[in-house]
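Containing mmCIF, C-alpha atoms: run_7.cif.
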data_my_file
#
loop_
_atom_site.group_PDB
_atom_site.id
_atom_site.type_symbol
_atom_site.label_atom_id
_atom_site.label_comp_id
_atom_site.auth_asym_id
_atom_site.auth_seq_id
_atom_site.Cartn_x
_atom_site.Cartn_y
_atom_site.Cartn_z
ATOM 1 C CA MET A 1 121.050 80.082 97.942
ATOM 2 C CA LYS A 2 121.516 83.850 97.567
ATOM 3 C CA PHE A 3 118.975 85.015 100.148
ATOM 4 C CA LYS A 4 119.155 82.427 102.920
ATOM 5 C CA ASN A 5 117.762 84.721 105.626
ATOM 6 C CA ALA A 6 114.828 85.745 103.472
ATOM 7 C CA TYR A 7 114.117 82.091 102.704
ATOM 8 C CA GLU A 8 114.095 81.175 106.400
ATOM 9 C CA GLY A 9 111.865 84.131 107.087
ATOM 10 C CA MET A 10 109.471 83.226 104.291
ATOM 11 C CA LYS A 11 108.943 79.781 105.818
ATOM 12 C CA LYS A 12 107.633 81.442 108.983
ATOM 13 C CA ILE A 13 105.504 83.861 106.967
ATOM 14 C CA VAL A 14 103.930 80.985 105.014
ATOM 15 C CA ALA A 15 103.152 79.210 108.300
ATOM 16 C CA ALA A 16 101.576 82.415 109.642
ATOM 17 C CA GLU A 17 99.306 82.697 106.609
ATOM 18 C CA ALA A 18 98.291 79.036 106.939
ATOM 19 C CA LEU A 19 97.110 79.806 110.482
ATOM 20 C CA GLN A 20 95.156 82.766 109.148
ATOM 21 C CA ILE A 21 93.368 80.456 106.729
ATOM 22 C CA ILE A 22 92.397 78.180 109.613
ATOM 23 C CA SER A 23 91.135 81.232 111.523
ATOM 24 C CA ALA A 24 89.108 82.356 108.508
ATOM 25 C CA GLY A 25 87.574 78.889 108.229
ATOM 26 C CA LEU A 26 86.579 79.016 111.896
ATOM 27 C CA ALA A 27 85.189 82.511 111.373
ATOM 28 C CA ILE A 28 82.801 81.156 108.748
ATOM 29 C CA ILE A 29 81.540 78.616 111.286
ATOM 30 C CA VAL A 30 81.153 81.383 113.872
ATOM 31 C CA ALA A 31 79.137 83.461 111.421
ATOM 32 C CA LEU A 32 76.866 80.501 110.687
ATOM 33 C CA LEU A 33 76.433 79.784 114.389
ATOM 34 C CA GLY A 34 75.615 83.433 114.936
ATOM 35 C CA VAL A 35 72.777 83.214 112.441
ATOM 36 C CA THR A 36 71.601 79.990 114.090
ATOM 37 C CA ALA A 37 71.696 81.636 117.526
ATOM 38 C CA LEU A 38 69.572 84.543 116.308
ATOM 39 C CA THR A 39 67.081 82.150 114.728
ATOM 40 C CA GLY A 40 66.954 80.068 117.901
ATOM 41 C CA ALA A 41 66.478 83.159 120.043
ATOM 42 C CA ALA A 42 63.555 84.238 117.884
ATOM 43 C CA ALA A 43 62.020 80.770 118.211
ATOM 44 C CA ALA A 44 62.594 80.794 121.978
ATOM 45 C CA ALA A 45 60.753 84.100 122.216
ATOM 46 C CA ASP A 46 57.775 82.325 120.689
ATOM 47 C CA GLY A 47 57.945 79.641 123.394
ATOM 48 C CA SER A 48 60.004 76.998 121.577
ATOM 49 C CA GLU A 49 62.186 74.967 123.968
ATOM 50 C CA ALA A 50 64.148 73.538 121.058
ATOM 51 C CA GLY A 51 64.844 77.062 119.883
ATOM 52 C CA ALA A 52 66.109 78.043 123.321
ATOM 53 C CA VAL A 53 68.445 75.048 123.503
ATOM 54 C CA GLY A 54 69.689 75.756 119.987
ATOM 55 C CA ALA A 55 70.334 79.396 120.794
ATOM 56 C CA VAL A 56 72.337 78.512 123.926
ATOM 57 C CA ALA A 57 74.364 75.818 122.138
ATOM 58 C CA SER A 58 75.094 78.111 119.196
ATOM 59 C CA GLY A 59 76.029 80.945 121.529
ATOM 60 C CA LEU A 60 78.439 78.711 123.435
ATOM 61 C CA GLY A 61 79.954 77.557 120.159
ATOM 62 C CA VAL A 62 80.475 81.155 119.086
ATOM 63 C CA VAL A 63 82.295 81.972 122.340
ATOM 64 C CA ILE A 64 84.607 78.927 122.189
ATOM 65 C CA LEU A 65 85.444 79.313 118.503
ATOM 66 C CA SER A 66 85.940 83.064 118.838
ATOM 67 C CA LEU A 67 88.495 82.393 121.583
ATOM 68 C CA GLY A 68 90.222 79.883 119.311
ATOM 69 C CA ILE A 69 90.302 82.426 116.489
ATOM 70 C CA ALA A 70 91.830 85.029 118.799
ATOM 71 C CA VAL A 71 94.579 82.627 119.924
ATOM 72 C CA LEU A 72 95.372 81.532 116.355
ATOM 73 C CA SER A 73 95.465 85.144 115.196
ATOM 74 C CA ILE A 74 97.985 86.076 117.879
ATOM 75 C CA ILE A 75 100.178 83.038 117.103
ATOM 76 C CA SER A 76 99.945 83.896 113.401
ATOM 77 C CA VAL A 77 101.116 87.462 114.018
ATOM 78 C CA ILE A 78 104.011 86.195 116.175
ATOM 79 C CA PHE A 79 105.123 83.869 113.369
ATOM 80 C CA MET A 80 104.775 86.764 110.943
ATOM 81 C CA ILE A 81 106.915 89.011 113.131
ATOM 82 C CA ILE A 82 109.669 86.390 113.427
ATOM 83 C CA GLY A 83 109.599 85.724 109.691
ATOM 84 C CA LEU A 84 109.652 89.372 108.664
ATOM 85 C CA LYS A 85 112.484 90.134 111.075
ATOM 86 C CA LYS A 86 114.571 87.352 109.566
ATOM 87 C CA ALA A 87 113.695 88.308 105.986
ATOM 88 C CA SER A 88 114.626 91.940 106.660
ATOM 89 C CA GLU A 89 118.252 90.849 107.058
ATOM 90 C CA ASP A 90 118.357 90.330 103.275
ATOM 91 C CA GLU A 91 115.873 93.044 102.267
ATOM 92 C CA PRO A 92 115.907 95.749 104.978
ATOM 93 C CA LYS A 93 113.620 98.299 103.341
ATOM 94 C CA TYR A 94 110.163 96.780 102.857
ATOM 95 C CA PHE A 95 110.432 93.736 105.124
ATOM 96 C CA LYS A 96 111.556 95.982 107.997
ATOM 97 C CA ASN A 97 108.496 98.216 107.518
ATOM 98 C CA ALA A 98 106.289 95.121 107.426
ATOM 99 C CA PHE A 99 107.981 93.911 110.622
ATOM 100 C CA ILE A 100 107.242 97.185 112.448
ATOM 101 C CA MET A 101 103.599 97.124 111.343
ATOM 102 C CA SER A 102 103.304 93.495 112.458
ATOM 103 C CA VAL A 103 104.542 94.383 115.946
ATOM 104 C CA LEU A 104 101.925 97.132 116.150
ATOM 105 C CA LEU A 105 99.357 94.662 114.833
ATOM 106 C CA LEU A 106 100.200 92.218 117.629
ATOM 107 C CA ILE A 107 99.845 94.920 120.282
ATOM 108 C CA ALA A 108 96.497 96.012 118.811
ATOM 109 C CA ASN A 109 95.261 92.408 118.718
ATOM 110 C CA LEU A 110 96.237 91.886 122.368
ATOM 111 C CA ILE A 111 94.417 95.037 123.462
ATOM 112 C CA THR A 112 91.345 94.054 121.433
ATOM 113 C CA GLY A 113 91.396 90.583 122.951
ATOM 114 C CA LEU A 114 91.643 91.944 126.491
ATOM 115 C CA ALA A 115 88.785 94.396 125.927
ATOM 116 C CA GLY A 116 86.292 91.676 126.822
ATOM 117 C CA VAL A 117 87.695 91.272 130.338
ATOM 118 C CA ILE A 118 89.045 94.769 131.009
ATOM 119 C CA PRO A 119 86.142 97.240 130.641
ATOM 120 C CA PHE A 120 88.084 100.473 130.075
ATOM 121 C CA LEU A 121 89.830 98.930 127.046
ATOM 122 C CA GLY A 122 86.486 98.678 125.262
ATOM 123 C CA THR A 123 86.652 102.234 123.917
ATOM 124 C CA ILE A 124 90.232 101.803 122.755
ATOM 125 C CA ALA A 125 89.386 98.479 121.116
ATOM 126 C CA SER A 126 86.640 100.053 119.013
ATOM 127 C CA VAL A 127 89.117 102.609 117.689
ATOM 128 C CA LEU A 128 91.732 99.916 117.077
ATOM 129 C CA LYS A 129 89.420 98.006 114.727
ATOM 130 C CA THR A 130 90.096 100.590 112.025
ATOM 131 C CA PHE A 131 93.805 100.517 112.771
ATOM 132 C CA LEU A 132 93.853 96.722 112.508
ATOM 133 C CA ASN A 133 92.512 96.904 108.952
ATOM 134 C CA VAL A 134 94.977 99.614 107.937
ATOM 135 C CA ALA A 135 97.904 97.777 109.555
ATOM 136 C CA THR A 136 96.903 94.514 107.888
ATOM 137 C CA ILE A 137 96.890 96.174 104.470
ATOM 138 C CA ALA A 138 100.286 97.758 105.230
ATOM 139 C CA VAL A 139 101.798 94.388 106.166
ATOM 140 C CA TYR A 140 100.485 92.859 102.930
ATOM 141 C CA VAL A 141 101.823 95.734 100.829
ATOM 142 C CA PHE A 142 105.281 95.867 102.402
ATOM 143 C CA THR A 143 105.665 92.070 102.356
ATOM 144 C CA VAL A 144 104.743 91.814 98.681
ATOM 145 C CA MET A 145 107.069 94.698 97.823
ATOM 146 C CA GLY A 146 109.859 93.009 99.770
ATOM 147 C CA ILE A 147 109.361 89.783 97.832
ATOM 148 C CA SER A 148 109.194 91.740 94.561
ATOM 149 C CA THR A 149 112.489 93.477 95.366
ATOM 150 C CA LEU A 150 114.209 90.113 95.817
ATOM 151 C CA ALA A 151 112.459 88.775 92.701
ATOM 152 C CA LYS A 152 113.860 91.635 90.607
ATOM 153 C CA ASP A 153 117.353 90.851 91.887
ATOM 154 C CA LEU A 154 116.856 87.201 90.895
ATOM 155 C CA GLY A 155 115.410 88.088 87.509
ATOM 156 C CA ARG A 156 111.994 86.622 88.320
ATOM 157 C CA ASP A 157 109.700 89.022 86.506
ATOM 158 C CA ASP A 158 106.844 86.520 86.837
ATOM 159 C CA VAL A 159 106.902 86.863 90.617
ATOM 160 C CA VAL A 160 107.058 90.660 90.333
ATOM 161 C CA SER A 161 104.016 90.705 88.032
ATOM 162 C CA MET A 162 102.122 88.306 90.263
ATOM 163 C CA GLY A 163 102.907 90.518 93.247
ATOM 164 C CA ASN A 164 101.292 93.533 91.577
ATOM 165 C CA VAL A 165 98.114 91.539 90.955
ATOM 166 C CA ILE A 166 98.116 90.160 94.498
ATOM 167 C CA LEU A 167 98.319 93.671 95.959
ATOM 168 C CA VAL A 168 95.184 94.773 94.113
ATOM 169 C CA ILE A 169 93.294 91.592 95.058
ATOM 170 C CA GLU A 170 94.247 91.771 98.741
ATOM 171 C CA VAL A 171 93.438 95.453 99.188
ATOM 172 C CA VAL A 172 90.038 95.044 97.494
ATOM 173 C CA GLN A 173 89.355 91.901 99.559
ATOM 174 C CA ILE A 174 90.153 93.618 102.848
ATOM 175 C CA VAL A 175 88.056 96.686 102.004
ATOM 176 C CA LEU A 176 85.048 94.569 100.982
ATOM 177 C CA ALA A 177 85.378 92.317 104.024
ATOM 178 C CA THR A 178 85.661 95.346 106.314
ATOM 179 C CA ILE A 179 82.489 96.901 104.892
ATOM 180 C CA ALA A 180 80.611 93.624 105.221
ATOM 181 C CA THR A 181 81.613 93.142 108.870
ATOM 182 C CA PHE A 182 79.461 96.131 109.832
ATOM 183 C CA THR A 183 76.431 94.040 108.924
ATOM 184 C CA ASN A 184 74.954 90.798 110.244
ATOM 185 C CA GLY A 185 73.562 87.599 108.815
ATOM 186 C CA ILE A 186 74.308 86.601 105.236
ATOM 187 C CA LEU A 187 76.577 89.570 104.460
ATOM 188 C CA LEU A 188 78.774 88.716 107.432
ATOM 189 C CA ILE A 189 79.115 85.150 106.135
ATOM 190 C CA VAL A 190 79.983 86.549 102.697
ATOM 191 C CA ALA A 191 82.649 88.740 104.325
ATOM 192 C CA THR A 192 84.317 85.785 106.029
ATOM 193 C CA ILE A 193 84.251 83.775 102.797
ATOM 194 C CA ILE A 194 85.840 86.695 100.932
ATOM 195 C CA SER A 195 88.560 86.843 103.596
ATOM 196 C CA LEU A 196 89.202 83.109 103.312
ATOM 197 C CA ILE A 197 89.579 83.347 99.526
ATOM 198 C CA GLY A 198 91.955 86.289 99.941
ATOM 199 C CA TYR A 199 94.110 84.392 102.432
ATOM 200 C CA ILE A 200 94.335 81.381 100.109
ATOM 201 C CA ILE A 201 95.376 83.521 97.134
ATOM 202 C CA TYR A 202 97.991 85.266 99.258
ATOM 203 C CA LEU A 203 99.299 81.926 100.556
ATOM 204 C CA VAL A 204 99.777 80.735 96.967
ATOM 205 C CA TYR A 205 101.857 83.838 96.277
ATOM 206 C CA LEU A 206 103.926 83.463 99.455
ATOM 207 C CA THR A 207 104.601 79.823 98.634
ATOM 208 C CA LYS A 208 105.753 80.830 95.160
ATOM 209 C CA GLY A 209 108.045 83.438 96.706
ATOM 210 C CA LYS A 210 109.481 80.865 99.123
ATOM 211 C CA LYS A 211 110.199 78.424 96.307
ATOM 212 C CA MET A 212 111.876 81.234 94.347
ATOM 213 C CA LEU A 213 114.272 81.820 97.242
ATOM 214 C CA GLU A 214 115.219 78.146 97.426
ATOM 215 C CA ALA A 215 117.317 78.532 94.285
#

Mind turning the file's structure into structure tokens?
Amino acid sequence: MKFKNAYEGMKKIVAAEALQIISAGLAIIVALLGVTALTGAAAAADGSEAGAVGAVASGLGVVILSLGIAVLSIISVIFMIIGLKKASEDEPKYFKNAFIMSVLLLIANLITGLAGVIPFLGTIASVLKTFLNVATIAVYVFTVMGISTLAKDLGRDDVVSMGNVILVIEVVQIVLATIATFTNGILLIVATIISLIGYIIYLVYLTKGKKMLEA
């Protein structure tokens, strides 16, 4: 095994992406519950007791699942940081940049998560939403470029080519999902589905990269 450190790091990165997929799946449920809550609230306004109960139940579900998503996201970023740090021992250029961006991503996620209980962080959190998207794209780009660098050294042109395609898909996915999150209802559900598809595609690529490093 030529790149043992990178291989060990990739195992953590794959695990991190798997957690992101779980988070994306939960986000779809949250989006659906959000629509249900709005519908129930409208029915409650018309005097429907069933609508009121439904709105409360859906709202509670949104809160619980949103907390779960936040926890999984933080754990995912921690795994990503550990994996990228280890991988950077074999490929210090791109994996190191991805590692730095992941650390910043973790800090931004923590601040965003605390904004709900610490009022003055609310303003900062709104600004950080844009940074989170930019940082996420940067982590994707640097990670793929790091894998591609190792793939070139191993003569795996197929992985290099796949990496170029993955970069385009992921950037487009993140941009579309970001635009859709500024809306509600069906478009928000579409955004979460787009994110889930993007995570799955990226996981396939990471798994391929991990298997490449096993040789």

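If you measure from each of A:Ile186, A:Leu72, A:Leu213, A:Met101 to Gly155 in chain A using only C-alpha atoms, the closest one turns out to be A:Leu213.
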
Selection under test: the PyMOL selection byres ((chain A and resi 139) around 12); residues as a ChimeraX atom specification: /A:13,17,77,80-81,84,94-106,132-138,140-146,167,170-171

Nearby residues (only C-alpha atoms) at most 9 Å from Tyr7 in chain A, same-chain spacing under 2 positions excluded, as a compact mmCIF listing (two decimals) with C-alpha atoms, in the frame of the given file:
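Writing the result to out.txt gives the following:
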# COMPACT_ATOMS: atom_id res chain seq x y z
CA MET A 1 121.05 80.08 97.94
CA PHE A 3 118.98 85.02 100.15
CA LYS A 4 119.16 82.43 102.92
CA ASN A 5 117.76 84.72 105.63
CA GLY A 9 111.86 84.13 107.09
CA MET A 10 109.47 83.23 104.29
CA LYS A 11 108.94 79.78 105.82
CA LYS A 86 114.57 87.35 109.57
CA ALA A 87 113.70 88.31 105.99
CA GLY A 209 108.04 83.44 96.71
CA LYS A 210 109.48 80.86 99.12
CA LYS A 211 110.20 78.42 96.31
CA MET A 212 111.88 81.23 94.35
CA LEU A 213 114.27 81.82 97.24
CA GLU A 214 115.22 78.15 97.43

Top pick for closest residue to Lys152 in chain A, considering A:Ala31, A:Glu91, A:Val165, A:Ala70 and counting all atoms listed in the file: A:Glu91

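Among the candidates A:Val14, A:Ala6, A:Ile194, A:Val63, the residue lying nearest to Lys85 in chain A is A:Ala6 (atoms considered: only C-alpha atoms).
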